[in-house]
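A.B. asks: Dropping in my_file14.cif, with mmCIF, C-alpha atoms and all ligand atoms.
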data_protein
loop_
_atom_site.group_PDB
_atom_site.id
_atom_site.type_symbol
_atom_site.label_atom_id
_atom_site.label_comp_id
_atom_site.auth_asym_id
_atom_site.auth_seq_id
_atom_site.Cartn_x
_atom_site.Cartn_y
_atom_site.Cartn_z
ATOM 1 C CA MET C 25 100.329 78.507 200.007
ATOM 2 C CA GLN C 26 101.676 78.857 203.501
ATOM 3 C CA LYS C 27 101.287 81.734 205.919
ATOM 4 C CA GLU C 28 102.617 82.417 209.396
ATOM 5 C CA PHE C 29 101.109 84.191 212.373
ATOM 6 C CA PHE C 30 102.000 84.829 216.010
ATOM 7 C CA ASN C 31 105.765 85.093 215.498
ATOM 8 C CA ASN C 32 105.789 81.905 213.386
ATOM 9 C CA ARG C 33 104.220 79.823 216.140
ATOM 10 C CA VAL C 34 101.135 79.381 213.941
ATOM 11 C CA ILE C 35 101.418 78.076 210.376
ATOM 12 C CA VAL C 36 98.485 78.016 207.964
ATOM 13 C CA LYS C 37 98.892 75.474 205.181
ATOM 14 C CA VAL C 38 97.043 73.324 202.659
ATOM 15 C CA GLY C 39 97.182 69.548 202.912
ATOM 16 C CA ASP C 40 95.866 66.259 204.177
ATOM 17 C CA ILE C 41 96.185 66.192 207.960
ATOM 18 C CA THR C 42 96.882 62.450 207.967
ATOM 19 C CA GLN C 43 100.189 63.204 206.225
ATOM 20 C CA GLU C 44 101.427 65.657 208.873
ATOM 21 C CA LYS C 45 104.563 64.917 210.844
ATOM 22 C CA ALA C 46 103.863 66.518 214.185
ATOM 23 C CA ASP C 47 103.878 65.417 217.806
ATOM 24 C CA ALA C 48 100.089 65.258 217.553
ATOM 25 C CA ILE C 49 97.357 65.754 215.003
ATOM 26 C CA VAL C 50 93.857 66.641 216.127
ATOM 27 C CA ASN C 51 90.859 64.616 215.025
ATOM 28 C CA ALA C 52 87.504 66.287 214.335
ATOM 29 C CA ALA C 53 85.670 63.400 215.970
ATOM 30 C CA ASN C 54 82.128 62.840 217.179
ATOM 31 C CA SER C 55 81.077 61.940 220.703
ATOM 32 C CA THR C 56 81.091 58.186 220.028
ATOM 33 C CA LEU C 57 84.875 58.319 219.359
ATOM 34 C CA LEU C 58 84.269 55.320 217.115
ATOM 35 C CA GLY C 59 84.949 56.934 213.748
ATOM 36 C CA GLY C 60 82.957 58.576 210.976
ATOM 37 C CA GLY C 61 83.615 60.410 207.721
ATOM 38 C CA GLY C 62 85.831 63.383 206.842
ATOM 39 C CA VAL C 63 88.992 63.861 208.899
ATOM 40 C CA ASP C 64 87.827 61.225 211.388
ATOM 41 C CA GLY C 65 87.388 58.591 208.671
ATOM 42 C CA ALA C 66 90.766 59.405 207.121
ATOM 43 C CA ILE C 67 92.595 59.272 210.483
ATOM 44 C CA HIS C 68 91.134 55.880 211.428
ATOM 45 C CA ALA C 69 91.644 54.495 207.915
ATOM 46 C CA ARG C 70 95.346 55.458 207.797
ATOM 47 C CA GLY C 71 96.050 55.172 211.509
ATOM 48 C CA GLY C 72 94.906 51.578 211.796
ATOM 49 C CA LYS C 73 92.962 49.696 214.420
ATOM 50 C CA ARG C 74 95.129 50.577 217.421
ATOM 51 C CA ILE C 75 93.619 54.070 217.524
ATOM 52 C CA LEU C 76 90.094 52.652 217.509
ATOM 53 C CA GLU C 77 90.973 50.172 220.243
ATOM 54 C CA GLU C 78 92.287 52.993 222.442
ATOM 55 C CA CYS C 79 89.156 55.044 221.728
ATOM 56 C CA ARG C 80 87.002 52.099 222.806
ATOM 57 C CA GLU C 81 88.976 51.871 226.061
ATOM 58 C CA ILE C 82 88.512 55.596 226.713
ATOM 59 C CA ARG C 83 84.770 55.218 226.145
ATOM 60 C CA LYS C 84 84.589 52.247 228.461
ATOM 61 C CA ASN C 85 86.703 53.681 231.267
ATOM 62 C CA LYS C 86 86.099 57.424 231.141
ATOM 63 C CA PHE C 87 83.209 58.400 228.885
ATOM 64 C CA PRO C 88 80.598 55.628 228.701
ATOM 65 C CA ASP C 89 78.027 58.151 227.446
ATOM 66 C CA GLY C 90 80.369 59.634 224.839
ATOM 67 C CA LEU C 91 82.862 62.489 224.815
ATOM 68 C CA PRO C 92 81.037 65.791 225.434
ATOM 69 C CA THR C 93 81.288 68.552 222.833
ATOM 70 C CA GLY C 94 84.338 70.774 223.398
ATOM 71 C CA GLU C 95 86.310 68.119 225.324
ATOM 72 C CA ALA C 96 89.464 66.345 224.101
ATOM 73 C CA VAL C 97 91.183 63.001 224.719
ATOM 74 C CA ILE C 98 94.475 61.553 223.496
ATOM 75 C CA THR C 99 95.479 58.233 221.903
ATOM 76 C CA SER C 100 98.602 57.011 220.194
ATOM 77 C CA GLY C 101 99.082 57.801 216.501
ATOM 78 C CA GLY C 102 98.922 54.190 215.357
ATOM 79 C CA ASN C 103 100.380 53.908 211.834
ATOM 80 C CA LEU C 104 100.298 57.672 211.244
ATOM 81 C CA LEU C 105 103.413 59.853 211.049
ATOM 82 C CA THR C 106 102.429 61.456 214.328
ATOM 83 C CA ARG C 107 103.070 60.116 217.840
ATOM 84 C CA PHE C 108 99.622 61.021 219.131
ATOM 85 C CA VAL C 109 96.111 61.796 217.982
ATOM 86 C CA ILE C 110 94.054 64.220 220.050
ATOM 87 C CA HIS C 111 90.348 63.598 219.516
ATOM 88 C CA THR C 112 87.961 66.474 220.085
ATOM 89 C CA VAL C 113 84.262 66.915 219.367
ATOM 90 C CA GLY C 114 83.260 70.153 217.683
ATOM 91 C CA PRO C 115 79.787 71.678 217.978
ATOM 92 C CA ILE C 116 77.178 70.925 215.336
ATOM 93 C CA TYR C 117 76.234 74.367 214.039
ATOM 94 C CA ARG C 118 72.826 75.620 215.251
ATOM 95 C CA MET C 119 72.403 72.634 217.565
ATOM 96 C CA ASN C 120 73.914 74.224 220.674
ATOM 97 C CA ALA C 121 71.584 77.055 221.644
ATOM 98 C CA GLY C 122 73.966 79.889 220.801
ATOM 99 C CA LYS C 123 76.932 78.301 222.540
ATOM 100 C CA GLU C 124 78.677 77.280 219.321
ATOM 101 C CA ALA C 125 81.569 79.729 219.516
ATOM 102 C CA LYS C 126 82.303 78.899 223.139
ATOM 103 C CA LEU C 127 82.267 75.186 222.404
ATOM 104 C CA LEU C 128 84.446 75.504 219.312
ATOM 105 C CA ALA C 129 86.973 77.579 221.283
ATOM 106 C CA LYS C 130 86.974 74.860 223.977
ATOM 107 C CA CYS C 131 87.968 72.285 221.352
ATOM 108 C CA TYR C 132 91.130 74.226 220.494
ATOM 109 C CA VAL C 133 92.000 75.159 224.073
ATOM 110 C CA ASN C 134 91.388 71.692 225.531
ATOM 111 C CA SER C 135 93.339 70.038 222.695
ATOM 112 C CA LEU C 136 96.298 72.357 223.292
ATOM 113 C CA ALA C 137 96.098 71.849 227.062
ATOM 114 C CA LEU C 138 96.254 68.094 226.499
ATOM 115 C CA ALA C 139 99.290 68.575 224.259
ATOM 116 C CA VAL C 140 101.021 70.554 227.022
ATOM 117 C CA GLU C 141 100.143 67.905 229.621
ATOM 118 C CA ASN C 142 101.854 65.352 227.388
ATOM 119 C CA ASN C 143 104.923 67.536 226.770
ATOM 120 C CA LEU C 144 104.177 67.912 223.059
ATOM 121 C CA GLN C 145 105.641 70.755 221.038
ATOM 122 C CA THR C 146 103.994 70.582 217.624
ATOM 123 C CA VAL C 147 100.263 70.141 217.028
ATOM 124 C CA ALA C 148 98.362 70.108 213.724
ATOM 125 C CA PHE C 149 94.653 70.927 213.597
ATOM 126 C CA PRO C 150 92.069 70.478 210.870
ATOM 127 C CA SER C 151 89.322 73.078 210.661
ATOM 128 C CA ILE C 152 87.081 71.582 213.338
ATOM 129 C CA SER C 153 83.292 71.552 212.761
ATOM 130 C CA THR C 154 83.497 73.159 209.294
ATOM 131 C CA GLY C 155 82.638 69.986 207.349
ATOM 132 C CA ALA C 156 79.832 67.637 208.354
ATOM 133 C CA PHE C 157 79.057 69.810 211.400
ATOM 134 C CA ALA C 158 78.368 72.818 209.110
ATOM 135 C CA TYR C 159 80.071 75.592 211.126
ATOM 136 C CA PRO C 160 80.520 78.558 208.726
ATOM 137 C CA LYS C 161 84.201 78.697 207.807
ATOM 138 C CA SER C 162 84.520 82.467 208.191
ATOM 139 C CA GLU C 163 83.092 82.386 211.732
ATOM 140 C CA ALA C 164 85.205 79.374 212.645
ATOM 141 C CA ALA C 165 88.327 81.243 211.506
ATOM 142 C CA GLN C 166 87.699 84.025 214.018
ATOM 143 C CA VAL C 167 86.952 81.665 216.872
ATOM 144 C CA SER C 168 89.874 79.304 216.278
ATOM 145 C CA SER C 169 92.456 82.050 215.751
ATOM 146 C CA LYS C 170 91.368 83.946 218.869
ATOM 147 C CA SER C 171 91.410 80.861 221.081
ATOM 148 C CA ILE C 172 94.782 79.676 219.760
ATOM 149 C CA GLU C 173 96.306 83.109 220.235
ATOM 150 C CA GLU C 174 94.974 83.360 223.757
ATOM 151 C CA PHE C 175 96.379 79.940 224.607
ATOM 152 C CA LEU C 176 99.812 80.541 223.081
ATOM 153 C CA SER C 177 100.095 83.930 224.801
ATOM 154 C CA ALA C 178 99.960 82.157 228.147
ATOM 155 C CA ASN C 179 102.111 79.170 227.164
ATOM 156 C CA GLU C 180 105.738 78.781 226.189
ATOM 157 C CA THR C 181 106.048 75.059 225.554
ATOM 158 C CA ILE C 182 104.052 74.688 222.328
ATOM 159 C CA GLU C 183 106.496 75.528 219.543
ATOM 160 C CA GLN C 184 104.186 75.310 216.575
ATOM 161 C CA VAL C 185 100.486 75.017 215.833
ATOM 162 C CA ARG C 186 99.764 74.021 212.241
ATOM 163 C CA LEU C 187 96.346 74.759 210.804
ATOM 164 C CA VAL C 188 95.898 72.351 207.920
ATOM 165 C CA PHE C 189 93.189 73.144 205.372
ATOM 166 C CA PHE C 190 92.011 70.602 202.841
ATOM 167 C CA SER C 191 91.911 73.111 199.965
ATOM 168 C CA GLU C 192 93.599 76.363 199.032
ATOM 169 C CA PRO C 193 90.283 78.313 198.988
ATOM 170 C CA ASP C 194 89.638 77.135 202.561
ATOM 171 C CA ALA C 195 93.111 78.259 203.671
ATOM 172 C CA LEU C 196 92.659 81.637 201.975
ATOM 173 C CA LEU C 197 89.242 82.078 203.555
ATOM 174 C CA PHE C 198 90.821 81.429 206.946
ATOM 175 C CA VAL C 199 93.555 83.986 206.296
ATOM 176 C CA LYS C 200 90.905 86.535 205.301
ATOM 177 C CA HIS C 201 88.794 86.043 208.440
ATOM 178 C CA GLN C 202 91.333 85.165 211.129
ATOM 179 C CA ALA C 203 91.644 87.468 214.123
ATOM 180 C CA PHE C 204 95.318 87.084 215.090
ATOM 181 C CA VAL C 205 96.659 90.270 216.602
ATOM 182 C CA LEU C 206 100.307 89.268 216.152
ATOM 183 C CA ALA C 207 101.265 88.745 212.508
HETATM 184 N N1 LIG C 301 92.841 66.777 206.028
HETATM 185 C C1 LIG C 301 92.564 68.059 206.365
HETATM 186 N N2 LIG C 301 91.304 68.549 206.356
HETATM 187 C C2 LIG C 301 90.305 67.730 205.995
HETATM 188 C C3 LIG C 301 90.510 66.370 205.633
HETATM 189 C C4 LIG C 301 91.851 65.900 205.662
HETATM 190 N N3 LIG C 301 92.168 64.637 205.346
HETATM 191 N N4 LIG C 301 89.290 65.811 205.335
HETATM 192 C C5 LIG C 301 88.370 66.785 205.490
HETATM 193 N N5 LIG C 301 88.968 67.938 205.884
HETATM 194 P P1 LIG C 301 84.842 67.100 208.993
HETATM 195 P P2 LIG C 301 83.442 68.193 211.349
HETATM 196 C C6 LIG C 301 88.348 69.246 206.237
HETATM 197 O O1 LIG C 301 83.542 66.789 208.348
HETATM 198 O O2 LIG C 301 82.768 69.232 210.550
HETATM 199 C C7 LIG C 301 82.849 63.024 210.858
HETATM 200 O O3 LIG C 301 81.959 62.105 210.281
HETATM 201 C C8 LIG C 301 86.965 69.525 205.698
HETATM 202 O O4 LIG C 301 87.051 70.124 204.418
HETATM 203 O O5 LIG C 301 85.928 66.092 208.943
HETATM 204 O O6 LIG C 301 84.036 68.561 212.684
HETATM 205 C C9 LIG C 301 83.025 62.821 212.353
HETATM 206 O O7 LIG C 301 82.921 61.462 212.716
HETATM 207 C C10 LIG C 301 86.394 70.469 206.743
HETATM 208 O O8 LIG C 301 86.744 71.824 206.459
HETATM 209 O O9 LIG C 301 84.638 67.420 210.578
HETATM 210 C C11 LIG C 301 81.899 63.632 212.933
HETATM 211 O O10 LIG C 301 80.684 62.903 212.981
HETATM 212 C C12 LIG C 301 87.117 70.086 208.039
HETATM 213 O O11 LIG C 301 88.189 69.238 207.642
HETATM 214 C C13 LIG C 301 81.779 64.793 211.986
HETATM 215 O O12 LIG C 301 82.291 64.327 210.733
HETATM 216 C C14 LIG C 301 86.260 69.346 209.041
HETATM 217 O O13 LIG C 301 85.366 68.476 208.381
HETATM 218 C C15 LIG C 301 82.622 65.974 212.413
HETATM 219 O O14 LIG C 301 82.382 67.043 211.565
#
Once more with this new file: its structure as structure tokens, please.
Ligand code: AR6
C.D. replies:
Amino acid sequence: MQKEFFNNRVIVKVGDITQEKADAIVNAANSTLLGGGGVDGAIHARGGKRILEECREIRKNKFPDGLPTGEAVITSGGNLLTRFVIHTVGPIYRMNAGKEAKLLAKCYVNSLALAVENNLQTVAFPSISTGAFAYPKSEAAQVSSKSIEEFLSANETIEQVRLVFFSEPDALLFVKHQAFVLA
């Protein structure tokens, strides 16, 4: 299935994010930036060691204590089909004293802002925090769609945001709970 929102600037699809051809794909990382399971594991496994080396440099030079939740950084795409990987750290559900939604929205907004800073036009996101970090998928759909819509309303350079879900039920659940105003 595929569905479009916001005058076709947002595409909802099913797939493996490591197979996306976009200017950047977003990694659902953790604050160490040194890899893990899920999307993070798949990106580092397919992207090769260059991505990890760049993450280590970012840790050393900019974030010795780890990347804070809601922030985003950018590396090259290594062996992936994408030029860049934007790494962001989603909130762990119920571990952020009621600030989950704000932090999850920051992940999307900061990732898109970084894409704009780097003159990128197409960005693919996984459903941040909805795996190991246990954010309920229906709530995440509202938060991500609202923050993306708000960002795109104020920006003209991003041509397409792709929301890539690992399974069809996940994509359909997103479509059911999303809060896009513009179809
Ligand atoms: N392509 C698209 N979506 C995927 C893929 C894939 N290849 N693999 C999983 N998903 P998660 P989080 C979906 O756990 O919740 C890692 O260990 C998955 O079904 O990857 O933000 C990191 O190192 C789910 O809906 O990310 C962190 O420690 C969504 O992607 C932690 O997990 C996100 O699942 C981050 O947890």
A.B. asks: Might I get the box with edges along x, y and z of the file that holds all atoms of ligand LIG 301 (chain C) listed there, padded by 6 Å on every side, given as centre and edge lengths in Å to one decimal, as AutoDock Vina command-line options?
C.D. replies:
--center_x 86.8 --center_y 66.6 --center_z 208.7 --size_x 24.2 --size_y 22.4 --size_z 20.6
A.B. asks: Using all atoms listed in the file, which residues have at least one atom no more than 8 Å from ligand LIG 301 (chain C)? Output them as a PyMOL selection string.
C.D. replies: chain C and resi 38-42+51-55+57-67+113-116+150-159+161+188-191+194
A.B. asks: For the residues selected in the previous step, produce a file with C-alpha atoms as an mmCIF file, in the coordinates of the input.
C.D. replies:
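As written to disk, again14.cif reads:
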data_model
loop_
_atom_site.group_PDB
_atom_site.id
_atom_site.type_symbol
_atom_site.label_atom_id
_atom_site.label_comp_id
_atom_site.auth_asym_id
_atom_site.auth_seq_id
_atom_site.Cartn_x
_atom_site.Cartn_y
_atom_site.Cartn_z
ATOM 1 C CA VAL C 38 97.043 73.324 202.659
ATOM 2 C CA GLY C 39 97.182 69.548 202.912
ATOM 3 C CA ASP C 40 95.866 66.259 204.177
ATOM 4 C CA ILE C 41 96.185 66.192 207.960
ATOM 5 C CA THR C 42 96.882 62.450 207.967
ATOM 6 C CA ASN C 51 90.859 64.616 215.025
ATOM 7 C CA ALA C 52 87.504 66.287 214.335
ATOM 8 C CA ALA C 53 85.670 63.400 215.970
ATOM 9 C CA ASN C 54 82.128 62.840 217.179
ATOM 10 C CA SER C 55 81.077 61.940 220.703
ATOM 11 C CA LEU C 57 84.875 58.319 219.359
ATOM 12 C CA LEU C 58 84.269 55.320 217.115
ATOM 13 C CA GLY C 59 84.949 56.934 213.748
ATOM 14 C CA GLY C 60 82.957 58.576 210.976
ATOM 15 C CA GLY C 61 83.615 60.410 207.721
ATOM 16 C CA GLY C 62 85.831 63.383 206.842
ATOM 17 C CA VAL C 63 88.992 63.861 208.899
ATOM 18 C CA ASP C 64 87.827 61.225 211.388
ATOM 19 C CA GLY C 65 87.388 58.591 208.671
ATOM 20 C CA ALA C 66 90.766 59.405 207.121
ATOM 21 C CA ILE C 67 92.595 59.272 210.483
ATOM 22 C CA VAL C 113 84.262 66.915 219.367
ATOM 23 C CA GLY C 114 83.260 70.153 217.683
ATOM 24 C CA PRO C 115 79.787 71.678 217.978
ATOM 25 C CA ILE C 116 77.178 70.925 215.336
ATOM 26 C CA PRO C 150 92.069 70.478 210.870
ATOM 27 C CA SER C 151 89.322 73.078 210.661
ATOM 28 C CA ILE C 152 87.081 71.582 213.338
ATOM 29 C CA SER C 153 83.292 71.552 212.761
ATOM 30 C CA THR C 154 83.497 73.159 209.294
ATOM 31 C CA GLY C 155 82.638 69.986 207.349
ATOM 32 C CA ALA C 156 79.832 67.637 208.354
ATOM 33 C CA PHE C 157 79.057 69.810 211.400
ATOM 34 C CA ALA C 158 78.368 72.818 209.110
ATOM 35 C CA TYR C 159 80.071 75.592 211.126
ATOM 36 C CA LYS C 161 84.201 78.697 207.807
ATOM 37 C CA VAL C 188 95.898 72.351 207.920
ATOM 38 C CA PHE C 189 93.189 73.144 205.372
ATOM 39 C CA PHE C 190 92.011 70.602 202.841
ATOM 40 C CA SER C 191 91.911 73.111 199.965
ATOM 41 C CA ASP C 194 89.638 77.135 202.561
#
A.B. asks: Please evaluate the PyMOL selection byres (((chain C and resi 131) around 12) and not hetatm) against the displayed coordinates and give the resulting residues as a short mmCIF file (atom, residue, chain, number, x, y, z; two decimals) with C-alpha atoms, in the coordinates of the input.
C.D. replies:
data_model
loop_
_atom_site.label_atom_id
_atom_site.label_comp_id
_atom_site.auth_asym_id
_atom_site.auth_seq_id
_atom_site.Cartn_x
_atom_site.Cartn_y
_atom_site.Cartn_z
CA VAL C 50 93.86 66.64 216.13
CA ASN C 51 90.86 64.62 215.02
CA ALA C 52 87.50 66.29 214.34
CA ALA C 53 85.67 63.40 215.97
CA ASN C 54 82.13 62.84 217.18
CA LEU C 91 82.86 62.49 224.82
CA PRO C 92 81.04 65.79 225.43
CA THR C 93 81.29 68.55 222.83
CA GLY C 94 84.34 70.77 223.40
CA GLU C 95 86.31 68.12 225.32
CA ALA C 96 89.46 66.34 224.10
CA VAL C 97 91.18 63.00 224.72
CA ILE C 110 94.05 64.22 220.05
CA HIS C 111 90.35 63.60 219.52
CA THR C 112 87.96 66.47 220.08
CA VAL C 113 84.26 66.92 219.37
CA GLY C 114 83.26 70.15 217.68
CA PRO C 115 79.79 71.68 217.98
CA GLU C 124 78.68 77.28 219.32
CA ALA C 125 81.57 79.73 219.52
CA LYS C 126 82.30 78.90 223.14
CA LEU C 127 82.27 75.19 222.40
CA LEU C 128 84.45 75.50 219.31
CA ALA C 129 86.97 77.58 221.28
CA LYS C 130 86.97 74.86 223.98
CA TYR C 132 91.13 74.23 220.49
CA VAL C 133 92.00 75.16 224.07
CA ASN C 134 91.39 71.69 225.53
CA SER C 135 93.34 70.04 222.70
CA LEU C 136 96.30 72.36 223.29
CA ALA C 137 96.10 71.85 227.06
CA LEU C 138 96.25 68.09 226.50
CA PHE C 149 94.65 70.93 213.60
CA PRO C 150 92.07 70.48 210.87
CA SER C 151 89.32 73.08 210.66
CA ILE C 152 87.08 71.58 213.34
CA SER C 153 83.29 71.55 212.76
CA ALA C 164 85.20 79.37 212.64
CA VAL C 167 86.95 81.67 216.87
CA SER C 168 89.87 79.30 216.28
CA SER C 171 91.41 80.86 221.08
CA ILE C 172 94.78 79.68 219.76
CA PHE C 175 96.38 79.94 224.61
#
A.B. asks: Between C:Ala207, C:Val185, C:Cys79, C:Ile35, which is the closest to Thr146 of chain C once you count only C-alpha atoms?
C.D. replies: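 With only C-alpha atoms as the atom set, the closest residue is C:Val185.
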A.B. asks: Identify, on the basis of all atoms listed in the file, every residue whose closest approach to Val205 of chain C does not exceed 9 Å; exclude the query and any residue fewer than 3 positions from it along the same chain; express the result as a list in words.
C.D. replies: Phe29, Phe30, Lys170 and Glu173 of chain C
A.B. asks: Figure out the distance between atom CA of Phe204 of chain C and atom CA of Met25 of chain C, please, to one decimal in Å.
C.D. replies: 18.1 Å
A.B. asks: Evaluating the PyMOL selection byres (((chain C and resi 182) around 7) and not hetatm) on the displayed file yields which residues, as a list of chain:residue names?
C.D. replies: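 For this structure, the PyMOL selection byres (((chain C and resi 182) around 7) and not hetatm) resolves to C:Val140, C:Leu144, C:Gln145, C:Thr146, C:Asn179, C:Glu180, C:Thr181, C:Glu183, C:Gln184.
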A.B. asks: Mind giving me the straight-line distance from atom CA of Ile82 of chain C to atom CA of Ile98 of chain C in Å, one decimal?
C.D. replies: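 Interatomic distance here is 9.0 Å.
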A.B. asks: What is the distance between atom CA of Val34 of chain C and atom CA of Gly101 of chain C, in Å to one decimal?
C.D. replies: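 Those two atoms sit 21.8 Å apart.
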A.B. asks: With distances taken over only C-alpha atoms, which of C:Thr56, C:Gln202, C:Ser169, C:Ser162 is nearest to Lys84 of chain C?
C.D. replies: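 Smallest separation from Lys84 of chain C among the options: C:Thr56.
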A.B. asks: Just checking: using all atoms listed in the file, which residue out of C:Gln166, C:Ser177, C:Val109, C:Ala148 ends up closest to Lys37 of chain C?
C.D. replies: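 Using all atoms listed in the file, Lys37 of chain C sits closest to C:Ala148.
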